[in-house]
>>> print(open('target.cif').read())   # mmCIF, C-alpha atoms
data_protein
loop_
_atom_site.label_atom_id
_atom_site.label_comp_id
_atom_site.auth_asym_id
_atom_site.auth_seq_id
_atom_site.Cartn_x
_atom_site.Cartn_y
_atom_site.Cartn_z
CA MET F 1 -37.00 12.41 -9.37
CA THR F 2 -35.04 9.56 -7.83
CA ASN F 3 -33.66 6.98 -10.23
CA GLU F 4 -33.88 3.70 -8.36
CA ILE F 5 -31.45 1.77 -10.56
CA LEU F 6 -28.78 4.50 -10.31
CA GLU F 7 -29.26 4.73 -6.55
CA ARG F 8 -28.87 0.96 -6.27
CA GLU F 9 -25.66 1.03 -8.34
CA LEU F 10 -24.22 3.85 -6.24
CA ALA F 11 -25.17 2.03 -3.05
CA GLU F 12 -23.34 -1.11 -4.22
CA TYR F 13 -20.14 0.83 -4.83
CA ALA F 14 -20.47 2.56 -1.46
CA GLU F 15 -21.05 -0.79 0.24
CA GLY F 16 -17.96 -2.25 -1.42
CA ALA F 17 -15.84 0.65 -0.23
CA GLN F 18 -17.19 0.34 3.31
CA THR F 19 -16.54 -3.40 3.34
CA TYR F 20 -12.91 -2.67 2.43
CA LEU F 21 -12.57 -0.15 5.26
CA ASP F 22 -14.30 -2.46 7.74
CA ALA F 23 -11.94 -5.31 6.89
CA LEU F 24 -8.93 -3.09 7.64
CA SER F 25 -10.53 -1.70 10.80
CA SER F 26 -11.02 -5.25 12.05
CA LYS F 27 -7.23 -5.62 12.01
CA GLY F 28 -6.83 -2.63 14.30
CA ILE F 29 -6.16 0.04 11.69
CA VAL F 30 -7.71 3.37 12.69
CA PHE F 31 -9.31 5.65 10.11
CA ALA F 32 -9.86 9.37 10.52
CA GLN F 33 -13.35 10.82 10.39
CA GLU F 34 -14.64 10.84 6.82
CA GLY F 35 -13.59 14.04 5.09
CA GLU F 36 -11.61 15.25 8.09
CA ASN F 37 -9.58 18.39 7.32
CA GLN F 38 -10.82 18.39 3.72
CA LYS F 39 -11.99 22.00 4.05
CA ARG F 40 -8.50 23.00 5.22
CA ILE F 41 -6.88 21.06 2.35
CA ASP F 42 -9.17 22.77 -0.16
CA GLU F 43 -8.20 26.16 1.28
CA LEU F 44 -4.49 25.37 1.01
CA ARG F 45 -4.89 24.19 -2.57
CA ALA F 46 -6.75 27.38 -3.44
CA GLN F 47 -3.93 29.47 -1.92
CA LEU F 48 -1.31 27.58 -3.93
CA LYS F 49 -3.30 28.05 -7.13
CA GLU F 50 -3.65 31.76 -6.40
CA LYS F 51 0.13 32.05 -5.95
CA GLY F 52 0.71 30.43 -9.34
CA ALA F 53 1.56 26.81 -8.51
CA GLN F 54 1.00 24.33 -11.35
CA PHE F 55 -1.68 21.69 -10.81
CA LYS F 56 -1.14 18.52 -12.85
CA ASN F 57 -2.76 15.11 -13.21
CA ALA F 58 -6.18 16.25 -11.97
CA GLY F 59 -4.56 17.99 -8.98
CA ALA F 60 -2.67 14.91 -7.76
CA SER F 61 0.62 16.67 -8.55
CA ILE F 62 1.40 20.29 -7.57
CA VAL F 63 4.58 21.98 -8.78
CA TRP F 64 6.34 25.19 -7.88
CA GLY F 65 9.46 26.10 -9.86
CA TRP F 66 12.00 23.55 -11.06
CA GLN F 67 10.87 19.96 -11.58
CA SER F 68 12.94 16.91 -12.38
CA LYS F 69 12.64 15.54 -15.91
CA ALA F 70 12.00 12.16 -14.32
CA CYS F 71 8.93 13.51 -12.52
CA VAL F 72 7.61 15.03 -15.72
CA GLU F 73 7.99 11.70 -17.48
CA CYS F 74 6.53 9.65 -14.61
CA THR F 75 3.02 10.27 -15.89
CA GLY F 76 4.14 11.41 -19.34
CA ALA F 77 3.76 9.69 -22.68
CA ASN F 78 7.45 8.93 -23.21
CA GLY F 79 7.95 6.13 -20.68
CA SER F 80 9.52 5.90 -17.22
CA GLU F 81 10.50 2.82 -15.20
CA THR F 82 12.33 2.15 -11.95
CA PHE F 83 14.57 -0.84 -11.17
CA SER F 84 16.44 -2.21 -8.16
CA THR F 85 19.83 -3.86 -7.93
CA THR F 86 19.09 -5.15 -4.43
CA PHE F 87 16.43 -5.08 -1.70
CA LYS F 88 19.14 -5.29 0.94
CA CYS F 89 19.18 -2.25 3.22
CA HIS F 90 21.10 -1.21 6.34
CA ARG F 91 18.05 0.77 7.50
CA ASP F 92 14.81 -0.65 8.91
CA CYS F 93 12.25 2.11 8.35
CA TYR F 94 8.87 1.20 9.77
CA PHE F 95 7.17 2.78 6.74
CA CYS F 96 9.14 0.87 4.09
CA PHE F 97 6.84 -0.82 1.57
CA ASN F 98 9.37 -3.18 -0.03
CA TYR F 99 8.02 -5.94 2.19
CA ASN F 100 4.92 -5.93 -0.02
CA VAL F 101 6.87 -6.86 -3.13
CA ALA F 102 6.77 -10.46 -4.33
CA ASP F 103 10.02 -12.39 -3.71
CA TYR F 104 11.24 -9.73 -1.26
CA ASP F 105 13.33 -12.18 0.80
CA LYS F 106 14.91 -13.63 -2.33
CA PHE F 107 15.83 -10.18 -3.63
CA VAL F 108 17.45 -9.36 -0.27
CA ARG F 109 19.56 -12.53 -0.42
CA GLU F 110 20.36 -12.72 -4.12
CA GLY F 111 19.88 -9.24 -5.51
CA CYS F 112 17.34 -8.22 -8.13
CA PRO F 113 17.19 -9.48 -11.75
CA TRP F 114 17.76 -6.03 -13.21
CA ARG F 115 19.36 -7.31 -16.41
CA ASP F 116 16.21 -9.29 -17.22
CA GLY F 117 14.16 -6.20 -16.42
CA LEU F 118 16.16 -4.05 -18.82
CA GLU F 119 15.85 -6.64 -21.59
CA ASP F 120 12.08 -6.68 -21.08
CA ALA F 121 12.04 -2.88 -21.24
CA VAL F 122 13.93 -2.90 -24.55
CA ALA F 123 11.39 -5.35 -25.95
CA ARG F 124 8.48 -3.15 -24.81
CA TYR F 125 9.82 0.32 -25.57
CA GLY F 126 12.75 0.03 -27.97
CA GLN F 127 15.93 2.03 -27.38
CA ASP F 128 14.23 5.41 -27.71
CA GLY F 129 11.07 4.51 -25.80
CA LEU F 130 12.14 5.13 -22.21
CA ALA F 131 12.71 8.77 -21.32
CA ALA F 132 13.57 8.22 -17.65
CA ILE F 133 15.00 5.30 -15.67
CA GLY F 134 15.35 5.11 -11.90
CA LEU F 135 17.55 2.99 -9.63
CA THR F 136 16.21 2.31 -6.15
CA GLY F 137 16.44 -0.40 -3.52
CA GLY F 138 16.95 -1.42 -0.84
CA GLU F 139 20.04 0.70 -0.71
CA PRO F 140 21.86 0.73 -4.07
CA LEU F 141 25.08 1.97 -2.44
CA LEU F 142 25.35 -1.34 -0.57
CA VAL F 143 26.05 -2.96 -3.94
CA LEU F 144 27.88 -0.09 -5.61
CA ASP F 145 29.58 -2.25 -8.26
CA ASP F 146 26.22 -3.68 -9.36
CA SER F 147 24.68 -0.21 -9.37
CA ILE F 148 27.50 1.14 -11.53
CA ALA F 149 27.04 -1.82 -13.90
CA PHE F 150 23.31 -1.05 -14.04
CA LEU F 151 23.90 2.61 -14.97
CA GLU F 152 26.43 1.67 -17.63
CA GLU F 153 24.04 -0.89 -19.15
CA VAL F 154 21.23 1.66 -19.14
CA GLY F 155 23.54 4.07 -20.94
CA ARG F 156 24.17 1.44 -23.60
CA LEU F 157 20.55 0.31 -24.02
CA PHE F 158 18.81 3.67 -23.56
CA PRO F 159 21.42 6.32 -24.44
CA SER F 160 19.01 9.26 -24.22
CA ALA F 161 17.24 8.25 -20.98
CA HIS F 162 17.51 10.43 -17.87
CA LYS F 163 19.05 8.33 -15.06
CA ARG F 164 18.31 8.91 -11.38
CA MET F 165 19.14 7.04 -8.15
CA TYR F 166 17.46 6.95 -4.73
CA THR F 167 19.56 6.60 -1.58
CA SER F 168 19.43 7.17 2.15
CA GLY F 169 22.79 8.89 1.70
CA ASP F 170 24.51 7.24 4.66
CA LEU F 171 27.04 5.33 2.55
CA LEU F 172 27.99 7.86 -0.10
CA THR F 173 31.73 8.52 -0.39
CA GLU F 174 33.66 10.82 -2.69
CA GLU F 175 34.91 7.84 -4.68
CA GLY F 176 31.37 6.54 -4.97
CA ALA F 177 30.06 9.92 -6.12
CA ARG F 178 32.81 10.10 -8.74
CA ARG F 179 32.03 6.61 -10.04
CA LEU F 180 28.31 7.36 -10.22
CA ARG F 181 29.01 10.52 -12.20
CA ASP F 182 31.32 8.69 -14.59
CA ALA F 183 28.67 5.98 -15.08
CA GLY F 184 26.25 8.64 -16.33
CA LEU F 185 24.04 9.32 -13.30
CA ASP F 186 22.02 12.47 -14.02
CA GLU F 187 20.25 12.88 -10.70
CA ILE F 188 20.55 11.66 -7.12
CA ARG F 189 17.69 11.74 -4.60
CA PHE F 190 18.23 11.68 -0.85
CA SER F 191 15.74 10.97 1.91
CA VAL F 192 16.08 12.59 5.32
CA LYS F 193 14.24 10.82 8.14
CA GLN F 194 12.84 13.49 10.45
CA ASP F 195 12.81 11.17 13.46
CA ASP F 196 16.42 10.04 13.00
CA PRO F 197 18.96 11.12 15.64
CA MET F 198 20.37 14.52 14.71
CA LYS F 199 23.85 13.06 14.17
CA ARG F 200 22.53 10.72 11.48
CA GLN F 201 20.56 13.49 9.82
CA GLU F 202 23.71 15.62 9.69
CA ARG F 203 25.60 12.76 8.04
CA VAL F 204 23.01 12.62 5.28
CA LEU F 205 23.15 16.40 4.83
CA ALA F 206 26.95 16.15 4.52
CA ALA F 207 26.52 13.47 1.84
CA MET F 208 24.22 15.82 -0.05
CA GLU F 209 26.88 18.52 0.01
CA LEU F 210 29.36 15.99 -1.34
CA ALA F 211 27.02 14.91 -4.12
CA ARG F 212 26.46 18.52 -5.14
CA GLY F 213 30.01 18.58 -6.49
CA TYR F 214 29.58 15.52 -8.72
CA ILE F 215 26.02 14.77 -9.79
CA PRO F 216 24.24 17.23 -12.13
CA SER F 217 20.90 17.28 -10.28
CA LEU F 218 20.50 17.00 -6.51
CA MET F 219 17.10 16.29 -5.00
CA VAL F 220 15.40 15.44 -1.75
CA GLU F 221 12.51 12.97 -1.87
CA MET F 222 10.86 12.04 1.38
CA PRO F 223 7.50 11.22 2.94
CA ILE F 224 6.15 14.11 4.99
CA ILE F 225 5.22 12.87 8.44
CA PRO F 226 2.49 14.83 10.25
CA ASN F 227 3.55 17.19 13.05
CA THR F 228 7.12 17.64 11.78
CA ASP F 229 6.63 21.17 10.43
CA GLU F 230 9.24 22.87 12.66
CA ARG F 231 12.00 20.43 11.70
CA MET F 232 10.98 20.65 8.05
CA HIS F 233 11.37 24.44 8.13
CA GLU F 234 14.89 23.99 9.50
CA LEU F 235 15.67 21.44 6.79
CA PHE F 236 14.32 23.71 4.05
CA ASP F 237 16.80 26.34 5.18
CA ARG F 238 19.68 23.83 5.16
CA TRP F 239 18.76 22.52 1.73
CA GLY F 240 18.74 26.06 0.40
CA GLU F 241 22.29 26.50 1.72
CA ILE F 242 23.41 23.19 0.19
CA GLY F 243 21.92 24.16 -3.16
CA ILE F 244 19.51 21.35 -3.95
CA ASP F 245 17.56 21.63 -7.18
CA GLY F 246 14.25 20.45 -5.81
CA ILE F 247 12.26 18.42 -3.33
CA ASN F 248 9.53 15.84 -3.83
CA LEU F 249 7.13 16.05 -0.91
CA LEU F 250 5.57 12.60 -0.74
CA GLU F 251 2.35 11.68 0.99
CA PHE F 252 3.21 9.57 4.03
CA CYS F 253 1.67 6.10 3.82
CA PHE F 254 0.97 2.97 5.82
CA PRO F 255 2.35 -0.07 3.92
CA PHE F 256 0.05 -2.71 5.49
CA HIS F 257 2.60 -3.81 8.10
CA SER F 258 3.90 -2.55 11.46
CA TRP F 259 0.65 -0.80 12.38
CA GLU F 260 1.84 -0.77 15.99
CA GLU F 261 4.47 1.79 14.97
CA TYR F 262 1.80 4.04 13.49
CA ALA F 263 -0.56 3.55 16.42
CA ALA F 264 2.20 4.44 18.90
CA ARG F 265 2.62 7.76 17.10
CA GLY F 266 -1.10 8.46 17.06
CA PHE F 267 -1.49 8.25 13.28
CA GLU F 268 -4.77 7.59 11.49
CA ILE F 269 -5.53 6.70 7.88
CA ARG F 270 -7.18 9.22 5.58
CA ASN F 271 -10.85 8.48 5.00
CA PRO F 272 -11.59 7.73 2.22
CA PRO F 273 -8.06 6.60 1.40
CA PHE F 274 -8.47 6.96 -2.38
CA ASP F 275 -10.49 9.28 -4.59
CA VAL F 276 -11.37 6.26 -6.71
CA MET F 277 -11.35 2.94 -4.88
CA TYR F 278 -9.37 0.30 -6.76
CA ASP F 279 -6.83 -2.42 -6.12
CA TYR F 280 -3.88 -0.36 -7.32
CA GLY F 281 -0.61 -2.12 -8.10
CA TYR F 282 1.57 0.47 -6.37
CA SER F 283 2.62 -1.05 -3.05
CA GLY F 284 2.95 2.16 -1.07
CA GLY F 285 -0.17 1.44 0.97
CA LEU F 286 -2.72 3.80 2.52
CA PRO F 287 -2.30 7.57 3.01
CA VAL F 288 -1.89 8.83 6.57
CA ALA F 289 -4.25 11.60 7.60
CA GLY F 290 -2.53 14.97 7.99
CA SER F 291 0.33 14.32 5.57
CA GLU F 292 -1.26 16.02 2.57
CA GLU F 293 -2.17 19.01 4.68
CA LEU F 294 1.44 19.43 5.87
CA CYS F 295 2.82 18.96 2.33
CA LEU F 296 0.67 21.85 1.11
CA GLU F 297 1.54 24.00 4.11
CA LEU F 298 5.24 23.42 3.48
CA MET F 299 4.88 24.46 -0.16
CA LEU F 300 3.19 27.69 0.91
CA TRP F 301 5.88 28.24 3.56
CA GLY F 302 8.56 27.70 0.92
CA ILE F 303 6.94 30.16 -1.48
CA ASP F 304 6.55 32.80 1.22
CA HIS F 305 10.20 32.32 2.28
CA ASP F 306 11.55 32.39 -1.30
CA VAL F 307 13.24 29.00 -1.13
CA PRO F 308 15.78 28.71 -3.97
CA PHE F 309 14.69 25.24 -5.09
CA GLY F 310 11.70 23.65 -6.79
CA MET F 311 8.93 21.95 -4.84
CA HIS F 312 6.67 19.14 -5.96
CA TYR F 313 3.83 17.64 -3.96
CA CYS F 314 3.57 14.06 -5.21
CA SER F 315 0.48 12.54 -3.64
CA LEU F 316 -0.34 8.86 -3.39
CA ASP F 317 -2.98 9.52 -6.04
CA ASN F 318 -0.20 10.78 -8.31
CA LYS F 319 1.62 7.45 -7.94
CA HIS F 320 -1.60 5.77 -8.98
CA ARG F 321 -1.91 8.13 -11.96
CA SER F 322 1.33 6.76 -13.40
CA GLU F 323 -0.05 3.22 -13.14
CA MET F 324 -3.38 4.25 -14.66
CA ARG F 325 -1.74 5.93 -17.63
CA GLN F 326 0.33 2.87 -18.44
CA ARG F 327 -2.71 0.63 -17.99
CA ASN F 328 -5.40 2.67 -19.74
CA GLU F 329 -3.79 4.73 -22.48
CA ARG F 330 -3.75 1.74 -24.81
CA GLY F 331 -7.53 1.62 -24.47
CA LYS F 332 -8.16 5.17 -25.70
CA SER F 333 -9.39 3.87 -29.08
CA MET F 334 -11.09 0.74 -27.75
CA HIS F 335 -14.61 2.13 -28.24
CA PRO F 336 -15.87 5.64 -29.18
CA VAL F 337 -18.13 5.74 -26.11
CA PHE F 338 -15.12 5.75 -23.76
CA ARG F 339 -12.58 8.54 -23.57
CA PHE F 340 -9.14 8.43 -22.00
CA ASP F 341 -9.07 11.25 -19.45
CA GLU F 342 -5.79 13.18 -19.77
CA GLY F 343 -6.28 14.48 -16.23
CA ASP F 344 -6.47 11.35 -14.11
CA TYR F 345 -5.90 8.70 -16.83
CA PHE F 346 -9.08 6.69 -16.32
CA LEU F 347 -11.33 5.65 -19.17
CA LYS F 348 -14.71 7.36 -18.80
CA CYS F 349 -18.14 7.71 -20.31
CA ALA F 350 -21.53 9.10 -19.31
CA LYS F 351 -24.31 6.75 -18.28
CA VAL F 352 -28.05 6.81 -17.54
CA PHE F 353 -30.29 4.16 -16.03
CA GLY F 354 -33.87 2.92 -15.98
CA ASP F 355 -36.54 5.41 -17.01
CA ASP F 356 -33.82 7.87 -18.10
CA VAL F 357 -32.63 5.59 -20.92
CA ASN F 358 -35.40 6.13 -23.51
CA PRO F 359 -35.61 9.96 -23.36
CA THR F 360 -31.80 10.12 -23.48
CA LEU F 361 -31.62 7.74 -26.43
CA GLU F 362 -34.33 9.60 -28.36
CA THR F 363 -32.76 13.02 -27.72
CA LEU F 364 -29.32 11.92 -28.82
CA LEU F 365 -30.62 10.20 -31.94
CA ARG F 366 -32.50 13.39 -32.92
CA ALA F 367 -29.20 15.24 -32.51
CA GLY F 368 -27.55 12.77 -34.88
CA LYS F 369 -25.47 11.11 -32.17
CA THR F 370 -25.13 7.35 -32.51
CA ASP F 371 -22.08 6.43 -30.39
CA MET F 372 -23.97 4.65 -27.62
CA LEU F 373 -24.02 1.29 -25.84
CA GLN F 374 -27.32 0.04 -24.46
CA ASN F 375 -27.40 -2.76 -21.91
CA GLU F 376 -31.04 -3.78 -21.67
CA GLU F 377 -30.37 -6.38 -19.01
CA ALA F 378 -28.73 -3.81 -16.71
CA GLY F 379 -31.16 -1.08 -17.75
CA SER F 380 -28.43 1.36 -18.77
CA LEU F 381 -27.22 3.47 -21.69
CA SER F 382 -23.59 4.57 -22.04
CA PHE F 383 -22.41 7.41 -24.29
CA PRO F 384 -19.52 9.90 -24.59
CA ARG F 385 -19.41 12.52 -21.86
CA ARG F 386 -19.45 15.32 -24.41
CA TYR F 387 -23.03 14.32 -25.29
CA LEU F 388 -24.23 15.55 -21.91
CA ARG F 389 -24.57 19.04 -23.37
CA TYR F 390 -27.50 17.84 -25.51
CA LEU F 391 -29.44 16.64 -22.46
CA GLY F 392 -29.75 19.81 -20.40
CA ASN F 393 -33.51 20.08 -20.84
CA LEU F 394 -34.23 16.52 -19.72
CA ASP F 395 -35.24 15.59 -16.17
CA ILE F 396 -32.67 12.83 -15.84
CA SER F 397 -29.90 11.76 -13.43
CA PRO F 398 -26.74 10.98 -15.43
CA ALA F 399 -23.54 9.62 -13.93
CA ILE F 400 -19.92 9.31 -15.00
CA SER F 401 -18.69 5.74 -15.35
CA ILE F 402 -15.00 5.34 -14.42
CA CYS F 403 -13.29 2.32 -15.95
CA VAL F 404 -9.92 0.61 -16.17
CA LEU F 405 -8.50 -1.67 -18.83
CA GLU F 406 -7.79 -5.15 -17.49
CA ASP F 407 -6.62 -8.38 -19.07
CA ASP F 408 -7.44 -12.05 -18.70
CA GLU F 409 -6.77 -15.17 -20.76
CA GLU F 410 -9.27 -13.99 -23.37
CA GLY F 411 -7.67 -10.57 -23.83
CA ALA F 412 -8.28 -6.97 -22.74
CA TYR F 413 -11.61 -5.75 -21.39
CA LEU F 414 -13.03 -2.68 -19.66
CA ARG F 415 -14.04 -2.92 -16.02
CA GLU F 416 -16.17 -0.27 -14.36
CA ILE F 417 -14.78 0.56 -10.91
CA ALA F 418 -16.79 3.65 -9.90
CA LEU F 419 -19.83 5.75 -10.65
CA LYS F 420 -19.94 9.48 -9.92
CA PRO F 421 -23.27 11.33 -10.19
CA VAL F 422 -23.28 14.40 -12.44
CA ARG F 423 -24.23 17.27 -10.18
#
>>> encode(input="target.cif", output="structure tokens")
Amino acid sequence: MTNEILERELAEYAEGAQTYLDALSSKGIVFAQEGENQKRIDELRAQLKEKGAQFKNAGASIVWGWQSKACVECTGANGSETFSTTFKCHRDCYFCFNYNVADYDKFVREGCPWRDGLEDAVARYGQDGLAAIGLTGGEPLLVLDDSIAFLEEVGRLFPSAHKRMYTSGDLLTEEGARRLRDAGLDEIRFSVKQDDPMKRQERVLAAMELARGYIPSLMVEMPIIPNTDERMHELFDRWGEIGIDGINLLEFCFPFHSWEEYAARGFEIRNPPFDVMYDYGYSGGLPVAGSEELCLELMLWGIDHDVPFGMHYCSLDNKHRSEMRQRNERGKSMHPVFRFDEGDYFLKCAKVFGDDVNPTLETLLRAGKTDMLQNEEAGSLSFPRRYLRYLGNLDISPAISICVLEDDEEGAYLREIALKPVR
């Protein structure tokens, strides 16, 4: 039997999502067909699972072999933060999302207030509260002295934290690698741009070989651009020869600027762009259709070719997971109806509407279950998801309410951002 109130609620969420997509489409952004290639993606994920890959964070993260401690802590309970010494960069990548950051122009001119950021982190976490700290940019090698000072200060304030740095690699010298090592850098991550001229790519690969002799952990982290599989296979072979420890395969994204660059290359945006629609704080943008598929194909190719390094598919959803954990974990004890989901880090409960409320309420009370919230005005009843097992004999249409913890001037509150029918 159709539940009219539930159907109306679901329709409102669907309408909101469509309004968001329509607003972007009106600016010329092209979306793929809804669910395009999802069957192929599901098949690739099943193959990876069959081969023994680890699926983490509700499948948003897939790992084969070695994984950086920093990646483990990114959505872990021990704390991870990333800082910049500058937003200045000698590159001009069309997919860079730094332009979305507040005060971008100021940080290019004046550098970033990393000392203030570290002081704030000490106040929030204490000296033992941050397990991993990253240094990014801009290009941190453009301001090597500041970057060395940053690493030394991190070593003083957070002596046990794992320290990593992101770089294009163009500017690394032997002296620079030695100074970074002496300042306590544990890991360096390079990005190879597949559409760079071959001479520039070779320069970055040479810098990686140099870094191998100085920095304990050597990684590649790069967005995987659709239709670059042949070059990626060649690079996998080179990285195996260099002896990298691992690669983070990132979902390629559109950062809400320079759409003409994406259009010229025939790219489209994945539809829907997010599993759960929300105004996420991560500024990476929207996922490009075809990137996830290629990331998974590359992992399978690497497994079949016995690559000697670890592989990690870090989806855009996985970036959002880190944000959701930091936002929502403090709400795990806010009310017994809501449970913090250790898979995707949302706060969730079960919910029924309209004519389903009274039979659900009566059944749960007979079972001795009292953790419920009834909203008579909205015609709904919320309760822990584990209570669904008591309702199997009822002809009802329950849904899962997905919530986030937000704050305003009056304090913290829960906001429902999605409803998913229980099938």
>>> residues_around(input="target.cif", residues="Ser80 in chain F", least_positions_apart="4", cutoff="7 Å", atoms="only C-alpha atoms", output="list in words")
Glu73, Cys74, Leu130, Ala131, Ala132 and Ile133 of chain F
>>> residues_around(input="target.cif", residues="range 110-122 of chain F", least_positions_apart="5", cutoff="9 Å", atoms="all atoms listed in the file", output="list in words")
Glu81, Phe83, Ser84, Thr85, Thr86, Phe87, Lys88, Asp105, Gln127, Asp128, Gly129, Leu130, Val143, Phe150, Glu153, Val154, Leu157 and Phe158 of chain F
>>> atom_distance(input="target.cif", atom1="CA of Lys420 in chain F", atom2="CA of Pro398 in chain F")
8.9 Å
>>> residues_near_point(input="target.cif", point="(-16.5, 0.5, -27.0)", cutoff="10 Å", atoms="all atoms listed in the file", output="PyMOL selection string")
chain F and resi 331-339+349+371-373+382-383+413-414
>>> resolve_selection(input="target.cif", expression="the PyMOL selection byres ((chain F and resi 285) around 8)", output="list in words")
Phe97, Cys253, Phe254, Pro255, Phe256, Tyr282, Ser283, Gly284, Leu286 and Pro287 of chain F
>>> write_last_selection(input="target.cif", atoms="C-alpha atoms", output="short mmCIF file (atom, residue, chain, number, x, y, z; two decimals), in the coordinates of the input")
data_model
loop_
_atom_site.label_atom_id
_atom_site.label_comp_id
_atom_site.auth_asym_id
_atom_site.auth_seq_id
_atom_site.Cartn_x
_atom_site.Cartn_y
_atom_site.Cartn_z
CA PHE F 97 6.84 -0.82 1.57
CA CYS F 253 1.67 6.10 3.82
CA PHE F 254 0.97 2.97 5.82
CA PRO F 255 2.35 -0.07 3.92
CA PHE F 256 0.05 -2.71 5.49
CA TYR F 282 1.57 0.47 -6.37
CA SER F 283 2.62 -1.05 -3.05
CA GLY F 284 2.95 2.16 -1.07
CA LEU F 286 -2.72 3.80 2.52
CA PRO F 287 -2.30 7.57 3.01
#
>>> resolve_selection(input="target.cif", expression="the PyMOL selection byres ((chain F and resi 405) around 10)", output="JSON, numbers by chain")
{"F": [324, 326, 327, 328, 329, 330, 331, 332, 334, 346, 347, 403, 404, 406, 407, 412, 413, 414, 415, 416]}
>>> atom_distance(input="target.cif", atom1="CA of His312 in chain F", atom2="CA of Leu172 in chain F")
24.8 Å
>>> resolve_selection(input="target.cif", expression="the PyMOL selection byres ((chain F and resi 226) around 9)", output="count of residues only")
15
>>> closest_residue(input="target.cif", among="F:Met311, F:Phe274, F:Ile402, F:Ser397", to="Phe353 in chain F", atoms="only C-alpha atoms")
F:Ser397
>>> atom_distance(input="target.cif", atom1="CA of Gly176 in chain F", atom2="CA of Pro140 in chain F")
11.2 Å
>>> residues_near_point(input="target.cif", point="(15.4, 30.4, 3.7)", cutoff="6 Å", atoms="all atoms listed in the file", output="ChimeraX atom specification")
/F:237,305,307
>>> closest_residue(input="target.cif", among="F:Tyr278, F:Phe31, F:Trp301, F:Tyr13", to="Glu323 in chain F", atoms="all atoms listed in the file")
F:Tyr278
